[in-house]
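> Data file upload07.cif (mmCIF, C-alpha atoms) is appended below.
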data_data
#
loop_
_atom_site.label_atom_id
_atom_site.label_comp_id
_atom_site.auth_asym_id
_atom_site.auth_seq_id
_atom_site.Cartn_x
_atom_site.Cartn_y
_atom_site.Cartn_z
CA MET U 125 -5.68 -29.64 -34.82
CA SER U 126 -2.39 -31.25 -35.91
CA ARG U 127 -0.34 -33.02 -33.29
CA ASN U 128 2.48 -30.47 -33.17
CA ARG U 129 -0.03 -27.67 -33.04
CA LYS U 130 -1.76 -29.38 -30.13
CA LEU U 131 1.50 -29.84 -28.21
CA LEU U 132 2.36 -26.18 -28.76
CA THR U 133 -1.09 -25.04 -27.62
CA LEU U 134 -0.78 -27.25 -24.55
CA PHE U 135 2.69 -25.93 -23.69
CA LEU U 136 1.82 -22.26 -24.24
CA SER U 137 -1.49 -22.50 -22.38
CA MET U 138 0.15 -24.06 -19.33
CA LEU U 139 3.04 -21.57 -19.51
CA TYR U 140 0.61 -18.67 -19.54
CA ILE U 141 -1.63 -20.07 -16.81
CA SER U 142 1.29 -21.03 -14.58
CA ALA U 143 2.98 -17.63 -14.94
CA PHE U 144 -0.10 -15.81 -13.68
CA THR U 145 -1.51 -18.22 -11.14
CA PHE U 146 -0.94 -17.21 -7.54
CA GLY U 147 -2.14 -19.29 -4.63
CA GLY U 148 -2.68 -23.00 -4.16
CA GLY U 149 -3.48 -25.84 -6.50
CA PHE U 150 -7.19 -25.10 -6.71
CA VAL U 151 -6.42 -21.77 -8.34
CA ILE U 152 -4.55 -23.29 -11.25
CA VAL U 153 -7.24 -25.93 -11.67
CA THR U 154 -9.90 -23.24 -12.11
CA PHE U 155 -7.78 -21.42 -14.69
CA MET U 156 -7.24 -24.72 -16.49
CA LYS U 157 -10.99 -25.26 -16.51
CA ARG U 158 -11.55 -21.91 -18.22
CA ARG U 159 -8.94 -22.70 -20.88
CA PHE U 160 -9.37 -26.40 -21.60
CA VAL U 161 -13.08 -26.88 -20.85
CA ASP U 162 -14.67 -23.57 -21.87
CA GLN U 163 -12.35 -22.36 -24.63
CA LEU U 164 -10.66 -25.37 -26.22
CA HIS U 165 -13.28 -28.04 -25.33
CA TRP U 166 -10.60 -30.71 -24.93
CA ILE U 167 -12.31 -32.15 -21.85
CA ASP U 168 -15.67 -31.64 -20.14
CA GLU U 169 -16.52 -30.39 -16.67
CA LYS U 170 -16.88 -33.88 -15.24
CA GLU U 171 -13.44 -34.92 -16.44
CA MET U 172 -12.02 -31.70 -14.99
CA LEU U 173 -13.50 -32.58 -11.59
CA ASP U 174 -12.15 -36.14 -11.82
CA MET U 175 -8.71 -34.81 -12.72
CA THR U 176 -8.85 -32.39 -9.81
CA ALA U 177 -9.64 -35.23 -7.42
CA LEU U 178 -6.81 -37.37 -8.80
CA ALA U 179 -4.33 -34.46 -8.78
CA GLN U 180 -5.29 -33.65 -5.22
CA SER U 181 -5.02 -37.19 -3.87
CA ALA U 182 -1.70 -38.05 -5.54
CA PRO U 183 1.59 -36.96 -3.98
CA GLY U 184 3.35 -33.90 -5.37
CA PRO U 185 2.34 -30.37 -6.38
CA ILE U 186 -1.32 -30.25 -7.51
CA ALA U 187 -0.56 -27.99 -10.46
CA VAL U 188 2.05 -30.43 -11.78
CA ASN U 189 -0.25 -33.40 -11.21
CA ALA U 190 -3.12 -31.69 -13.03
CA ALA U 191 -0.78 -30.82 -15.92
CA ILE U 192 0.31 -34.47 -16.16
CA LEU U 193 -3.31 -35.71 -16.30
CA LEU U 194 -4.39 -33.13 -18.83
CA GLY U 195 -1.28 -33.51 -21.00
CA ARG U 196 -1.61 -37.30 -21.10
CA LYS U 197 -5.26 -37.09 -21.98
CA ALA U 198 -4.63 -34.52 -24.74
CA ALA U 199 -1.53 -35.99 -26.39
CA GLY U 200 -0.05 -38.95 -24.51
CA PHE U 201 3.52 -38.93 -23.21
CA SER U 202 4.73 -35.94 -25.23
CA GLY U 203 1.59 -34.07 -24.17
CA MET U 204 2.46 -34.77 -20.55
CA MET U 205 6.02 -33.46 -21.01
CA ALA U 206 4.79 -30.34 -22.85
CA ALA U 207 2.24 -29.56 -20.13
CA VAL U 208 4.67 -30.20 -17.26
CA LEU U 209 7.41 -28.06 -18.83
CA GLY U 210 4.91 -25.26 -19.37
CA THR U 211 3.84 -25.51 -15.72
CA VAL U 212 7.33 -25.63 -14.24
CA ILE U 213 9.24 -23.07 -16.32
CA PRO U 214 7.53 -19.89 -14.97
CA PRO U 215 8.01 -20.58 -11.24
CA VAL U 216 11.59 -21.75 -11.77
CA ALA U 217 12.45 -18.70 -13.87
CA ILE U 218 10.75 -16.25 -11.51
CA LEU U 219 12.15 -17.74 -8.31
CA SER U 220 15.67 -17.94 -9.78
CA VAL U 221 15.60 -14.19 -10.34
CA VAL U 222 13.72 -13.26 -7.16
CA SER U 223 15.99 -15.38 -4.95
CA LEU U 224 18.87 -13.08 -5.91
CA PHE U 225 17.26 -10.04 -4.31
CA TYR U 226 14.44 -11.48 -2.25
CA ARG U 227 14.59 -9.06 0.64
CA ARG U 228 13.93 -6.03 -1.56
CA PHE U 229 11.15 -7.91 -3.31
CA SER U 230 9.32 -9.06 -0.19
CA GLU U 231 9.47 -5.60 1.41
CA SER U 232 8.38 -3.60 -1.63
CA ARG U 233 5.13 -1.67 -1.13
CA PRO U 234 4.07 -1.56 -4.81
CA VAL U 235 4.52 -5.34 -5.04
CA ALA U 236 2.38 -5.80 -1.91
CA LEU U 237 -0.37 -3.53 -3.28
CA LEU U 238 -0.38 -5.26 -6.64
CA LEU U 239 -0.61 -8.69 -5.03
CA LYS U 240 -3.34 -7.60 -2.64
CA GLY U 241 -5.54 -6.48 -5.53
CA MET U 242 -4.79 -9.63 -7.49
CA GLN U 243 -5.97 -11.66 -4.50
CA ALA U 244 -9.44 -10.14 -4.91
CA GLY U 245 -9.34 -11.06 -8.60
CA VAL U 246 -8.24 -14.63 -7.88
CA ALA U 247 -11.06 -15.07 -5.37
CA ALA U 248 -13.55 -14.03 -8.05
CA VAL U 249 -11.99 -16.40 -10.60
CA ILE U 250 -12.21 -19.36 -8.23
CA LEU U 251 -15.78 -18.60 -7.16
CA ASP U 252 -16.88 -18.22 -10.79
CA ALA U 253 -15.37 -21.56 -11.81
CA ALA U 254 -16.56 -23.26 -8.60
CA LEU U 255 -20.16 -22.23 -9.29
CA SER U 256 -20.10 -23.69 -12.82
CA LEU U 257 -18.51 -26.89 -11.56
CA THR U 258 -21.06 -27.13 -8.73
CA GLN U 259 -23.94 -26.80 -11.19
CA LYS U 260 -22.44 -29.61 -13.27
CA ALA U 261 -21.70 -31.86 -10.29
CA CYS U 262 -25.12 -31.39 -8.67
CA PRO U 263 -27.89 -31.63 -11.28
CA ALA U 264 -31.22 -30.17 -10.12
CA GLY U 265 -33.18 -32.55 -7.92
CA GLU U 266 -30.19 -34.70 -6.97
CA TRP U 267 -30.54 -34.29 -3.22
CA ALA U 268 -27.83 -36.79 -2.36
CA HIS U 269 -25.32 -34.74 -4.33
CA MET U 270 -26.39 -31.53 -2.60
CA LEU U 271 -25.88 -33.24 0.76
CA ILE U 272 -22.40 -34.40 -0.20
CA LEU U 273 -21.58 -30.91 -1.42
CA ALA U 274 -22.74 -29.35 1.86
CA GLY U 275 -20.99 -32.01 3.95
CA ALA U 276 -17.69 -31.68 2.11
CA PHE U 277 -17.86 -27.90 2.30
CA ALA U 278 -18.46 -27.97 6.06
CA ALA U 279 -15.73 -30.57 6.59
CA THR U 280 -13.08 -28.46 4.90
CA PHE U 281 -14.29 -24.93 5.66
CA PHE U 282 -15.40 -25.25 9.30
CA PHE U 283 -13.58 -28.35 10.52
CA HIS U 284 -10.39 -28.02 8.43
CA LEU U 285 -10.34 -31.74 7.72
CA ASN U 286 -7.51 -32.87 5.45
CA VAL U 287 -8.84 -32.81 1.87
CA VAL U 288 -7.38 -36.24 1.15
CA TRP U 289 -9.77 -37.77 3.73
CA ILE U 290 -12.72 -35.90 2.25
CA ILE U 291 -11.95 -37.16 -1.24
CA LEU U 292 -11.44 -40.69 0.03
CA ALA U 293 -14.69 -40.66 2.02
CA ALA U 294 -16.74 -39.35 -0.92
CA ALA U 295 -15.26 -41.92 -3.30
CA LEU U 296 -15.84 -44.81 -0.89
CA LEU U 297 -19.42 -43.70 -0.26
CA GLY U 298 -20.13 -43.69 -4.01
CA ALA U 299 -18.45 -47.06 -4.55
CA PHE U 300 -20.43 -48.54 -1.64
CA LEU U 301 -23.75 -47.16 -2.92
CA SER U 302 -23.16 -48.45 -6.45
CA LEU U 303 -22.16 -51.89 -5.15
CA ARG U 304 -25.34 -52.10 -3.08
CA ARG U 305 -27.47 -50.94 -5.99
CA GLY U 306 -25.79 -53.53 -8.26
CA LYS U 307 -26.53 -56.29 -5.75
CA GLY U 308 -30.17 -55.19 -5.36
CA GLU U 309 -30.69 -55.34 -9.12
CA LYS U 310 -29.29 -58.85 -9.31
CA GLU U 311 -31.58 -60.12 -6.54
CA GLU U 312 -34.71 -58.73 -8.18
CA MET Q 209 27.58 -34.38 -4.77
CA ILE Q 210 25.41 -31.41 -3.99
CA TYR Q 211 23.19 -31.73 -7.11
CA LEU Q 212 22.33 -35.31 -6.26
CA ARG Q 213 21.60 -34.39 -2.65
CA LEU Q 214 19.29 -31.60 -3.77
CA PHE Q 215 17.61 -33.98 -6.20
CA TRP Q 216 17.16 -36.66 -3.56
CA SER Q 217 15.86 -34.32 -0.84
CA PHE Q 218 13.26 -32.78 -3.11
CA LEU Q 219 12.31 -36.17 -4.49
CA GLN Q 220 11.27 -37.10 -0.94
CA ILE Q 221 9.33 -33.85 -0.63
CA GLY Q 222 7.53 -34.57 -3.91
CA LEU Q 223 6.82 -38.14 -2.89
CA PHE Q 224 5.43 -37.48 0.58
CA SER Q 225 3.49 -34.24 0.21
CA ILE Q 226 -0.08 -35.30 -0.49
CA GLY Q 227 -2.70 -32.58 -0.78
CA GLY Q 228 -0.70 -29.66 -2.08
CA GLY Q 229 1.16 -26.68 -0.67
CA TYR Q 230 0.08 -26.71 2.94
CA ALA Q 231 1.05 -30.34 3.30
CA ALA Q 232 4.41 -29.67 1.67
CA ILE Q 233 5.58 -26.80 3.90
CA PRO Q 234 6.56 -28.86 6.98
CA LEU Q 235 8.35 -31.40 4.77
CA ILE Q 236 10.26 -28.68 2.95
CA ARG Q 237 11.23 -27.16 6.27
CA ALA Q 238 12.42 -30.48 7.65
CA GLN Q 239 14.60 -31.18 4.62
CA THR Q 240 16.05 -27.75 3.89
CA VAL Q 241 16.41 -26.32 7.41
CA ASP Q 242 16.63 -29.17 9.92
CA LEU Q 243 18.26 -32.00 7.99
CA GLN Q 244 20.47 -30.42 5.34
CA HIS Q 245 21.00 -26.91 6.79
CA TRP Q 246 20.72 -25.37 3.34
CA LEU Q 247 18.53 -22.55 4.67
CA THR Q 248 18.38 -20.80 8.03
CA ALA Q 249 15.01 -20.55 9.81
CA ASP Q 250 14.95 -16.89 8.81
CA GLN Q 251 15.60 -17.66 5.16
CA PHE Q 252 12.84 -20.24 5.30
CA MET Q 253 10.37 -17.61 6.54
CA ASN Q 254 11.41 -15.40 3.62
CA LEU Q 255 10.95 -18.30 1.26
CA ALA Q 256 7.41 -18.93 2.57
CA ALA Q 257 6.54 -15.25 2.09
CA ILE Q 258 8.01 -15.14 -1.42
CA ALA Q 259 6.31 -18.39 -2.42
CA GLU Q 260 3.04 -16.80 -1.37
CA MET Q 261 3.79 -13.75 -3.54
CA THR Q 262 4.98 -15.50 -6.69
CA PRO Q 263 3.13 -17.84 -9.04
CA GLY Q 264 3.57 -21.59 -9.04
CA PRO Q 265 3.42 -24.50 -6.59
CA ILE Q 266 5.18 -23.85 -3.28
CA ALA Q 267 7.26 -27.04 -3.58
CA ILE Q 268 8.66 -25.91 -6.94
CA ASN Q 269 9.28 -22.43 -5.56
CA ALA Q 270 11.09 -23.90 -2.58
CA ALA Q 271 13.12 -26.25 -4.76
CA THR Q 272 14.25 -23.38 -6.95
CA PHE Q 273 14.97 -21.08 -4.02
CA ALA Q 274 16.93 -23.62 -1.99
CA GLY Q 275 18.76 -24.88 -5.09
CA MET Q 276 19.77 -21.33 -6.05
CA GLN Q 277 21.01 -20.56 -2.54
CA VAL Q 278 23.12 -23.72 -2.33
CA ALA Q 279 24.34 -24.37 -5.86
CA GLY Q 280 23.08 -21.75 -8.32
CA LEU Q 281 20.92 -22.48 -11.35
CA PRO Q 282 22.04 -26.12 -11.84
CA GLY Q 283 21.12 -26.69 -8.20
CA ALA Q 284 17.70 -25.13 -8.76
CA LEU Q 285 17.11 -27.38 -11.77
CA SER Q 286 18.18 -30.61 -10.02
CA ALA Q 287 15.98 -29.83 -7.01
CA THR Q 288 13.00 -29.07 -9.26
CA ALA Q 289 13.54 -32.24 -11.29
CA GLY Q 290 13.58 -34.28 -8.07
CA CYS Q 291 10.41 -32.61 -6.89
CA ILE Q 292 8.35 -33.51 -9.96
CA LEU Q 293 9.73 -36.99 -10.70
CA PRO Q 294 7.44 -38.86 -8.25
CA SER Q 295 4.43 -37.04 -9.72
CA LEU Q 296 5.40 -38.03 -13.27
CA VAL Q 297 5.50 -41.70 -12.32
CA ILE Q 298 2.57 -41.94 -9.90
CA VAL Q 299 0.13 -39.66 -11.69
CA SER Q 300 0.89 -41.33 -15.05
CA LEU Q 301 -0.09 -44.61 -13.47
CA LEU Q 302 -3.27 -43.08 -12.00
CA SER Q 303 -4.11 -41.58 -15.39
CA TYR Q 304 -3.75 -45.00 -17.00
CA LEU Q 305 -5.94 -46.64 -14.35
CA TYR Q 306 -8.55 -43.89 -14.68
CA THR Q 307 -8.87 -44.18 -18.47
CA ARG Q 308 -8.87 -47.97 -18.31
CA TRP Q 309 -11.34 -48.53 -15.49
CA ARG Q 310 -13.55 -45.42 -15.51
CA GLU Q 311 -16.43 -47.31 -17.18
CA LEU Q 312 -16.61 -49.81 -14.30
CA PRO Q 313 -19.86 -49.34 -12.35
CA VAL Q 314 -18.04 -49.15 -9.00
CA LEU Q 315 -15.71 -46.43 -10.25
CA GLN Q 316 -18.61 -44.63 -11.94
CA GLY Q 317 -20.39 -44.63 -8.59
CA ALA Q 318 -17.28 -43.41 -6.79
CA LEU Q 319 -16.74 -40.60 -9.30
CA LYS Q 320 -20.37 -39.54 -9.11
CA THR Q 321 -20.19 -38.79 -5.38
CA LEU Q 322 -16.63 -37.52 -5.69
CA ARG Q 323 -17.56 -34.71 -8.08
CA PRO Q 324 -19.81 -32.73 -5.72
CA ALA Q 325 -17.19 -33.18 -2.97
CA VAL Q 326 -14.45 -31.78 -5.20
CA ALA Q 327 -16.72 -28.92 -6.30
CA ALA Q 328 -17.24 -28.16 -2.59
CA LEU Q 329 -13.49 -28.13 -1.97
CA ILE Q 330 -12.96 -25.63 -4.78
CA LEU Q 331 -15.87 -23.55 -3.53
CA ALA Q 332 -14.37 -23.51 -0.02
CA ALA Q 333 -10.98 -22.50 -1.42
CA GLY Q 334 -12.72 -19.61 -3.19
CA VAL Q 335 -14.55 -18.47 -0.06
CA ASN Q 336 -11.33 -18.63 1.96
CA MET Q 337 -9.54 -16.62 -0.68
CA LEU Q 338 -12.35 -14.05 -0.68
CA LEU Q 339 -12.21 -13.68 3.12
CA GLN Q 340 -8.43 -13.39 2.93
CA ALA Q 341 -8.69 -10.69 0.26
CA VAL Q 342 -11.45 -8.68 1.94
CA PHE Q 343 -10.65 -9.09 5.65
CA GLY Q 344 -6.91 -9.74 5.46
CA SER Q 345 -7.38 -13.14 7.13
CA ALA Q 346 -9.57 -16.16 6.52
CA SER Q 347 -9.65 -17.25 10.17
CA ALA Q 348 -10.24 -13.97 12.05
CA VAL Q 349 -13.07 -12.21 10.23
CA GLN Q 350 -13.90 -8.88 11.86
CA MET Q 351 -15.98 -6.07 10.47
CA ASP Q 352 -13.47 -3.36 11.39
CA SER Q 353 -10.77 -4.99 9.28
CA VAL Q 354 -12.88 -5.00 6.13
CA SER Q 355 -11.31 -3.46 3.01
CA TRP Q 356 -14.11 -1.98 0.92
CA LEU Q 357 -11.83 -1.50 -2.06
CA GLN Q 358 -10.98 -5.19 -2.04
CA ALA Q 359 -14.65 -6.14 -1.66
CA ALA Q 360 -15.61 -3.89 -4.59
CA LEU Q 361 -12.78 -5.31 -6.72
CA ALA Q 362 -13.84 -8.88 -6.01
CA ALA Q 363 -17.50 -8.11 -6.80
CA ALA Q 364 -16.63 -6.28 -10.03
CA ALA Q 365 -14.28 -9.06 -11.09
CA PHE Q 366 -16.94 -11.68 -10.40
CA LEU Q 367 -19.49 -9.86 -12.56
CA ALA Q 368 -16.95 -9.32 -15.35
CA LEU Q 369 -16.13 -13.04 -15.38
CA ARG Q 370 -19.66 -14.33 -15.01
CA LYS Q 371 -21.64 -11.92 -17.17
CA ALA Q 372 -19.11 -10.51 -19.65
CA ARG Q 373 -16.94 -13.70 -19.82
CA TRP Q 374 -13.70 -11.73 -19.36
CA SER Q 375 -10.46 -13.68 -19.40
CA PRO Q 376 -9.46 -14.65 -15.82
CA ILE Q 377 -5.87 -13.47 -16.21
CA LEU Q 378 -6.87 -10.07 -17.60
CA THR Q 379 -9.42 -9.67 -14.79
CA MET Q 380 -6.83 -10.52 -12.17
CA ALA Q 381 -4.19 -8.19 -13.64
CA LEU Q 382 -6.69 -5.30 -13.73
CA CYS Q 383 -7.58 -5.90 -10.07
CA GLY Q 384 -3.88 -5.69 -9.21
CA ALA Q 385 -3.46 -2.49 -11.24
CA VAL Q 386 -6.45 -0.77 -9.58
CA SER Q 387 -5.18 -1.72 -6.12
CA LEU Q 388 -1.70 -0.40 -6.98
CA LEU Q 389 -3.07 2.91 -8.30
CA ALA Q 390 -5.42 3.38 -5.33
CA GLY Q 391 -2.62 2.62 -2.87
CA LEU Q 392 -0.09 4.97 -4.41
CA ILE Q 393 -2.42 7.96 -4.82
#
Render the structure in this file as structure tokens.

Amino acid sequence: MSRNRKLLTLFLSMLYISAFTFGGGFVIVTFMKRRFVDQLHWIDEKEMLDMTALAQSAPGPIAVNAAILLGRKAAGFSGMMAAVLGTVIPPVAILSVVSLFYRRFSESRPVALLLKGMQAGVAAVILDAALSLTQKACPAGEWAHMLILAGAFAATFFFHLNVVWIILAAALLGAFLSLRRGKGEKEE
Amino acid sequence: MIYLRLFWSFLQIGLFSIGGGYAAIPLIRAQTVDLQHWLTADQFMNLAAIAEMTPGPIAINAATFAGMQVAGLPGALSATAGCILPSLVIVSLLSYLYTRWRELPVLQGALKTLRPAVAALILAAGVNMLLQAVFGSASAVQMDSVSWLQAALAAAAFLALRKARWSPILTMALCGAVSLLAGLI
């Protein structure tokens, strides 16, 4: 793919994803996974998970952060700008128009019905992507990974712990384990 | 100058909201309602509802909304630019560090345990979204508030995505269309 072609694909993909992605940052990340991992094969599942963790732990909107990481990886600085513009244009355009007659919009019954149904669709999209990512992140027989998965799920779902702490704890645990393993190998 | 003030306020929001939309809401409120009086408390409630109903990050939605209310389209653009500037700088740096150091054993170890944790976070977001869609609330799940139409839509959408590899956006749009038709009939 030529460079200009790549930038255009990046911009249009993010524009399309951003225009149709309702809900928080995790939603856009799962749509990005479908596009850039499954369809375009620009990155793999592991990189997508790493990017999600970075996007989530850095300040700022997750969707914008994820676009920056992906754009940089795909085509450097211009890739970053193309991806960020694609991500930002739809919400800015839509909100500029909606803010002019927001009361009518937020009280409209057809809009509410449409959004309600789309919520069910979004839930399915996230669960589908989450299952594929889980399979990749927890290879069969890796019990430690299953434990981390279960622990992180409980921490966020039942105890509503801030996700930044969960990410930090998981990263520190892994760093600690690999340091200890490295030391053990040297002593042997 | 109002454009600079919008830019600066939203730069602070972008810089200090770690962890996405729910972390950003109190900061946005503090800046736009309490400090700068650009929005009334009522307008802020409307903004939160609209942000929920429109695509895109809530901070960008808020920046555009507040900017439009105070200074029209140029205001919306300056606020949005302020909101994403910290991300551009900080995440670029993180991206550089990640590509440079990802082969280090310590970072490899950290990433290895991080991946299942992140997968769990996405999974939890999906379950919450499903509860929200089917029961109308993710925190108060009661059998008498179940919407069977929503449950059927979610199940059908899941199968279409998983087995037939439908495009996510098409699947989502069809779910919306079915819900609209069923509600209007």
> Could you tell me, as an NGL selection string, exactly which residues end up selected when the PyMOL selection byres ((chain Q and resi 226) around 12) is applied to this structure?
(:U and (149 or 177-186 or 189 or 286-289)) or (:Q and (220-225 or 227-235 or 267 or 294-295 or 298))
> Give me the residues near Leu305 of chain Q as a PyMOL selection string, where near means some atom within 12 Å (using all atoms listed in the file) and where sequence neighbours in that chain fewer than 6 positions away do not count.
(chain U and resi 178+193) or (chain Q and resi 298-299+311-312+315)
> For Asp168 of chain U, work out the shell of residues within 12 Å, counting all atoms listed in the file and skipping chain neighbours fewer than 4 positions away, then give it as a ChimeraX atom specification.
/U:156-164,172-175,194,197,256-257,260-261
> Where does the PyMOL selection byres ((chain Q and resi 359) around 12) land in this file, that is, which residues does it pick, as a ChimeraX atom specification?
/U:240-245,247-248 /Q:337-344,353-358,360-366,383,387
> Could you save the residues just selected, with C-alpha atoms, as a short mmCIF file (atom, residue, chain, number, x, y, z; two decimals), keeping the file's coordinate frame?

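This is the output file again-v3.cif:
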data_model
loop_
_atom_site.label_atom_id
_atom_site.label_comp_id
_atom_site.auth_asym_id
_atom_site.auth_seq_id
_atom_site.Cartn_x
_atom_site.Cartn_y
_atom_site.Cartn_z
CA LYS U 240 -3.34 -7.60 -2.64
CA GLY U 241 -5.54 -6.48 -5.53
CA MET U 242 -4.79 -9.63 -7.49
CA GLN U 243 -5.97 -11.66 -4.50
CA ALA U 244 -9.44 -10.14 -4.91
CA GLY U 245 -9.34 -11.06 -8.60
CA ALA U 247 -11.06 -15.07 -5.37
CA ALA U 248 -13.55 -14.03 -8.05
CA MET Q 337 -9.54 -16.62 -0.68
CA LEU Q 338 -12.35 -14.05 -0.68
CA LEU Q 339 -12.21 -13.68 3.12
CA GLN Q 340 -8.43 -13.39 2.93
CA ALA Q 341 -8.69 -10.69 0.26
CA VAL Q 342 -11.45 -8.68 1.94
CA PHE Q 343 -10.65 -9.09 5.65
CA GLY Q 344 -6.91 -9.74 5.46
CA SER Q 353 -10.77 -4.99 9.28
CA VAL Q 354 -12.88 -5.00 6.13
CA SER Q 355 -11.31 -3.46 3.01
CA TRP Q 356 -14.11 -1.98 0.92
CA LEU Q 357 -11.83 -1.50 -2.06
CA GLN Q 358 -10.98 -5.19 -2.04
CA ALA Q 360 -15.61 -3.89 -4.59
CA LEU Q 361 -12.78 -5.31 -6.72
CA ALA Q 362 -13.84 -8.88 -6.01
CA ALA Q 363 -17.50 -8.11 -6.80
CA ALA Q 364 -16.63 -6.28 -10.03
CA ALA Q 365 -14.28 -9.06 -11.09
CA PHE Q 366 -16.94 -11.68 -10.40
CA CYS Q 383 -7.58 -5.90 -10.07
CA SER Q 387 -5.18 -1.72 -6.12
#
> How would you write, as a PyMOL selection string, the residues chosen by the PyMOL selection byres ((chain Q and resi 284) around 12) on this structure?
(chain U and resi 212-213+215-221+223) or (chain Q and resi 210-215+218+267-283+285-291)
> In Å, how far is it from atom CA of His269 of chain U to atom CA of Lys320 of chain Q?
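Distance reported for this atom pair: 8.4 Å.
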> At what distance in Å, to one decimal, does atom CA of Leu367 of chain Q lie from atom CA of Pro263 of chain U?
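Computing the Euclidean distance for atom CA of Pro263 of chain U and atom CA of Leu367 of chain Q yields 23.4 Å.
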> Go through Q:Val297, Q:Asp352, Q:Ala327, Q:Tyr304 one by one, measure the shortest atom-to-atom distance of each to chain U using all atoms listed in the file, and give the residue with the smallest value.
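Smallest separation from chain U among the options: Q:Ala327.
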> Which one of Q:Val335, Q:Ala318, Q:Met261, Q:Ala390 sits closest to Glu231 of chain U if you count all atoms listed in the file?
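Nearest to Glu231 of chain U: Q:Met261.
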> Do a neighbour search on Ile192 of chain U at 7 Å with only C-alpha atoms, toss out local chain neighbours closer than 4 positions, and write the hits as number ranges by chain.
U: 188, 196, 204, 207-208; Q: 296, 299-300
